[in-house]
>>> print(open('my_file-v3.txt').read())   # compact mmCIF, C-alpha atoms
# COMPACT_ATOMS: atom_id res chain seq x y z
CA MET A 1 -50.01 -66.56 -64.55
CA ASP A 2 -50.43 -67.81 -60.98
CA GLU A 3 -48.26 -66.07 -58.36
CA SER A 4 -46.69 -69.33 -57.14
CA VAL A 5 -45.77 -70.26 -60.73
CA LYS A 6 -44.15 -66.83 -61.18
CA LYS A 7 -42.09 -67.35 -58.04
CA LYS A 8 -40.96 -70.81 -59.18
CA VAL A 9 -40.00 -69.50 -62.63
CA SER A 10 -38.15 -66.59 -61.03
CA LEU A 11 -36.28 -68.91 -58.68
CA ALA A 12 -35.40 -71.27 -61.54
CA LEU A 13 -34.16 -68.35 -63.64
CA ARG A 14 -32.02 -66.98 -60.79
CA MET A 15 -30.56 -70.41 -60.08
CA THR A 16 -29.79 -70.96 -63.76
CA ILE A 17 -28.04 -67.60 -64.04
CA GLY A 18 -26.13 -68.26 -60.80
CA ILE A 19 -24.97 -71.70 -61.91
CA GLY A 20 -24.01 -70.28 -65.30
CA LEU A 21 -21.93 -67.53 -63.71
CA ILE A 22 -20.21 -70.03 -61.41
CA ALA A 23 -19.44 -72.26 -64.41
CA VAL A 24 -17.90 -69.33 -66.30
CA ILE A 25 -15.76 -68.39 -63.28
CA VAL A 26 -14.58 -71.97 -62.81
CA TRP A 27 -13.76 -72.22 -66.51
CA ARG A 28 -11.86 -68.88 -66.49
CA VAL A 29 -9.83 -69.88 -63.42
CA GLY A 30 -8.71 -73.10 -65.08
CA GLY A 31 -11.14 -75.72 -63.85
CA LEU A 32 -11.93 -77.39 -60.56
CA GLY A 33 -8.39 -78.77 -60.26
CA ALA A 34 -6.88 -75.30 -60.30
CA ILE A 35 -9.39 -74.10 -57.72
CA GLY A 36 -8.65 -77.11 -55.53
CA ALA A 37 -4.91 -76.42 -55.74
CA LEU A 38 -5.50 -72.81 -54.69
CA LEU A 39 -7.75 -73.81 -51.79
CA GLU A 40 -5.18 -76.31 -50.48
CA ARG A 41 -2.72 -73.45 -49.94
CA VAL A 42 -5.21 -71.32 -47.97
CA ASP A 43 -4.78 -71.28 -44.20
CA PRO A 44 -8.30 -71.87 -42.75
CA VAL A 45 -7.68 -69.48 -39.86
CA TYR A 46 -6.95 -66.61 -42.25
CA ALA A 47 -9.87 -67.55 -44.48
CA VAL A 48 -12.27 -67.41 -41.52
CA LEU A 49 -10.70 -64.15 -40.34
CA VAL A 50 -11.09 -62.54 -43.77
CA LEU A 51 -14.70 -63.76 -44.01
CA ALA A 52 -15.47 -62.39 -40.54
CA LEU A 53 -13.88 -59.02 -41.33
CA CYS A 54 -15.73 -58.72 -44.64
CA THR A 55 -19.03 -59.63 -42.97
CA ALA A 56 -18.40 -57.12 -40.18
CA ASP A 57 -17.58 -54.43 -42.76
CA ARG A 58 -20.83 -55.04 -44.67
CA ALA A 59 -22.80 -55.15 -41.41
CA LEU A 60 -21.33 -51.81 -40.33
CA MET A 61 -22.04 -50.26 -43.73
CA THR A 62 -25.61 -51.59 -43.63
CA TYR A 63 -26.10 -50.29 -40.10
CA LYS A 64 -24.94 -46.84 -41.18
CA TRP A 65 -27.33 -46.85 -44.15
CA VAL A 66 -30.28 -48.10 -42.07
CA ARG A 67 -29.61 -45.37 -39.48
CA LEU A 68 -29.47 -42.70 -42.20
CA LEU A 69 -32.82 -43.92 -43.53
CA ALA A 70 -34.28 -44.03 -40.01
CA ALA A 71 -33.22 -40.41 -39.47
CA ARG A 72 -35.51 -39.52 -42.38
CA GLY A 73 -38.40 -41.61 -41.03
CA LEU A 74 -37.93 -44.63 -43.29
CA ARG A 75 -37.89 -48.11 -41.81
CA LEU A 76 -35.64 -50.75 -43.36
CA PRO A 77 -35.03 -53.87 -41.26
CA PHE A 78 -31.32 -54.53 -40.74
CA PHE A 79 -31.22 -58.00 -42.31
CA ARG A 80 -33.24 -56.85 -45.33
CA GLY A 81 -30.83 -53.93 -45.69
CA MET A 82 -27.87 -56.32 -45.38
CA LYS A 83 -29.35 -58.47 -48.14
CA LEU A 84 -29.79 -55.41 -50.39
CA TYR A 85 -26.32 -54.11 -49.59
CA CYS A 86 -24.54 -57.41 -50.26
CA ALA A 87 -26.51 -58.12 -53.43
CA SER A 88 -25.76 -54.66 -54.77
CA MET A 89 -22.05 -55.16 -54.06
CA VAL A 90 -22.09 -58.38 -56.10
CA TRP A 91 -23.86 -56.64 -58.99
CA GLY A 92 -21.49 -53.71 -58.61
CA THR A 93 -18.63 -56.05 -59.53
CA PHE A 94 -20.05 -56.28 -63.04
CA LEU A 95 -21.33 -52.72 -63.39
CA PRO A 96 -19.24 -49.59 -64.04
CA THR A 97 -17.62 -47.95 -61.01
CA THR A 98 -19.30 -47.72 -57.62
CA VAL A 99 -22.32 -45.93 -59.04
CA GLY A 100 -23.58 -49.25 -60.41
CA ALA A 101 -23.80 -50.84 -56.96
CA ASP A 102 -25.47 -47.74 -55.53
CA ALA A 103 -27.99 -47.70 -58.37
CA ILE A 104 -28.88 -51.35 -57.74
CA ARG A 105 -29.21 -50.69 -53.99
CA ALA A 106 -31.37 -47.62 -54.57
CA THR A 107 -33.60 -49.45 -57.03
CA SER A 108 -33.97 -52.41 -54.69
CA ALA A 109 -34.84 -50.15 -51.76
CA MET A 110 -37.39 -48.25 -53.83
CA ARG A 111 -39.02 -51.54 -54.88
CA LEU A 112 -39.66 -52.10 -51.18
CA GLY A 113 -41.70 -48.91 -51.20
CA LEU A 114 -39.16 -46.54 -49.67
CA ASN A 115 -39.28 -42.91 -50.78
CA THR A 116 -37.05 -42.34 -53.82
CA ASP A 117 -35.71 -38.94 -52.77
CA GLN A 118 -34.90 -40.11 -49.26
CA VAL A 119 -33.14 -43.27 -50.47
CA LEU A 120 -31.02 -41.31 -52.96
CA ALA A 121 -30.22 -38.70 -50.31
CA SER A 122 -29.18 -41.38 -47.80
CA ILE A 123 -26.86 -43.01 -50.33
CA THR A 124 -25.34 -39.63 -51.22
CA ILE A 125 -24.76 -38.78 -47.55
CA GLU A 126 -23.32 -42.25 -47.00
CA ARG A 127 -20.84 -41.66 -49.85
CA ILE A 128 -19.84 -38.28 -48.39
CA ILE A 129 -19.26 -39.88 -44.97
CA GLY A 130 -17.15 -42.57 -46.64
CA PHE A 131 -15.09 -39.98 -48.49
CA LEU A 132 -14.47 -37.95 -45.33
CA SER A 133 -13.55 -41.12 -43.41
CA ALA A 134 -11.05 -42.10 -46.10
CA LEU A 135 -9.61 -38.58 -46.06
CA VAL A 136 -9.15 -38.62 -42.28
CA LEU A 137 -7.65 -42.12 -42.41
CA GLY A 138 -5.24 -40.99 -45.12
CA LEU A 139 -4.13 -38.01 -43.04
CA LEU A 140 -3.71 -40.19 -39.97
CA GLY A 141 -1.65 -42.58 -42.07
CA MET A 142 0.57 -39.71 -43.20
CA VAL A 143 1.05 -38.65 -39.56
CA GLN A 144 1.88 -42.22 -38.56
CA LEU A 145 4.34 -42.60 -41.42
CA SER A 146 6.04 -39.32 -40.58
CA THR A 147 6.57 -40.37 -36.95
CA VAL A 148 7.80 -43.86 -37.79
CA GLN A 149 9.96 -43.06 -40.77
CA GLN A 150 11.36 -39.87 -42.21
CA PHE A 151 9.83 -39.07 -45.57
CA GLY A 152 12.26 -38.70 -48.42
CA GLU A 153 12.80 -35.27 -49.95
CA ARG A 154 10.45 -36.08 -52.82
CA TYR A 155 7.52 -36.53 -50.40
CA ASN A 156 7.95 -33.26 -48.51
CA MET A 157 5.75 -31.41 -51.01
CA ILE A 158 2.92 -33.93 -50.59
CA TRP A 159 3.19 -33.79 -46.80
CA ALA A 160 3.20 -29.99 -46.85
CA ALA A 161 0.09 -29.95 -49.07
CA ALA A 162 -1.68 -32.45 -46.80
CA SER A 163 -0.96 -30.55 -43.61
>>> encode(input="my_file-v3.txt", output="structure tokens")
Amino acid sequence: MDESVKKKVSLALRMTIGIGLIAVIVWRVGGLGAIGALLERVDPVYAVLVLALCTADRALMTYKWVRLLAARGLRLPFFRGMKLYCASMVWGTFLPTTVGADAIRATSAMRLGLNTDQVLASITIERIIGFLSALVLGLLGMVQLSTVQQFGERYNMIWAAAS
């Protein structure tokens, strides 16, 4: 089969699957009328703010991953990495836990010719950094809460264990 025909078939298949998924979502939500009613209640300023924050979050996550790969001598252009990262997050919605999204991202990166071991190592390190960041943020939140408001007696044990 000719390469251009393969690309057209692939594009048609992806579009068909995408349209099918959108149709299922619209049907599950209750139809276009229900979606329209929901969208009428959304403040555009907040919608743009949420979109900007989500995009910035994905860009920061992609930048971190690209830098981890670069530290191991692998080159992944930022926008290609952003495309892989965002696509894997969408697929991760349908796959079990966060491992599904990471598996899709790793597979996609390896299809680009990146070294398997280095890609898997970068994703593992990225997960460890994320865990440590969440841990530090949680502890800072506990400190903030303890200065703003006295914890009840039932939370003293948790605070003692955390500190």
>>> residues_around(input="my_file-v3.txt", residues="stretch 112-118 of chain A", least_positions_apart="6", cutoff="8 Å", atoms="all atoms listed in the file", output="PyMOL selection string")
chain A and resi 69+72+74+106
>>> write_last_selection(input="my_file-v3.txt", atoms="C-alpha atoms", output="PDB file, in the coordinates of the input")
ATOM      1  CA  LEU A  69     -32.820 -43.920 -43.530  1.00  0.00           C
ATOM      2  CA  ARG A  72     -35.510 -39.520 -42.380  1.00  0.00           C
ATOM      3  CA  LEU A  74     -37.930 -44.630 -43.290  1.00  0.00           C
ATOM      4  CA  ALA A 106     -31.370 -47.620 -54.570  1.00  0.00           C
TER       5      ALA A 106
END
>>> closest_residue(input="my_file-v3.txt", among="A:Ile35, A:Asp102, A:Ser108, A:Thr97", to="A:Gly81", atoms="all atoms listed in the file")
A:Ser108
>>> residues_around(input="my_file-v3.txt", residues="A:Gly92", least_positions_apart="5", cutoff="9 Å", atoms="all atoms listed in the file", output="PyMOL selection string")
chain A and resi 87+97-104
>>> atom_distance(input="my_file-v3.txt", atom1="atom CA of A:Leu120", atom2="atom CA of A:Leu53")
27.3 Å
>>> atom_distance(input="my_file-v3.txt", atom1="atom CA of A:Leu38", atom2="atom CA of A:Ile19")
20.8 Å
>>> atom_distance(input="my_file-v3.txt", atom1="atom CA of A:Ala161", atom2="atom CA of A:Leu139")
10.9 Å
>>> residues_around(input="my_file-v3.txt", residues="A:Thr55", least_positions_apart="5", cutoff="12 Å", atoms="only C-alpha atoms", output="PDB file with C-alpha atoms, in the frame of the given file")
ATOM      1  CA  VAL A  48     -12.270 -67.410 -41.520  1.00  0.00           C
ATOM      2  CA  LEU A  49     -10.700 -64.150 -40.340  1.00  0.00           C
ATOM      3  CA  VAL A  50     -11.090 -62.540 -43.770  1.00  0.00           C
ATOM      4  CA  LEU A  60     -21.330 -51.810 -40.330  1.00  0.00           C
ATOM      5  CA  MET A  61     -22.040 -50.260 -43.730  1.00  0.00           C
ATOM      6  CA  THR A  62     -25.610 -51.590 -43.630  1.00  0.00           C
ATOM      7  CA  MET A  82     -27.870 -56.320 -45.380  1.00  0.00           C
ATOM      8  CA  LYS A  83     -29.350 -58.470 -48.140  1.00  0.00           C
ATOM      9  CA  TYR A  85     -26.320 -54.110 -49.590  1.00  0.00           C
ATOM     10  CA  CYS A  86     -24.540 -57.410 -50.260  1.00  0.00           C
TER      11      CYS A  86
END
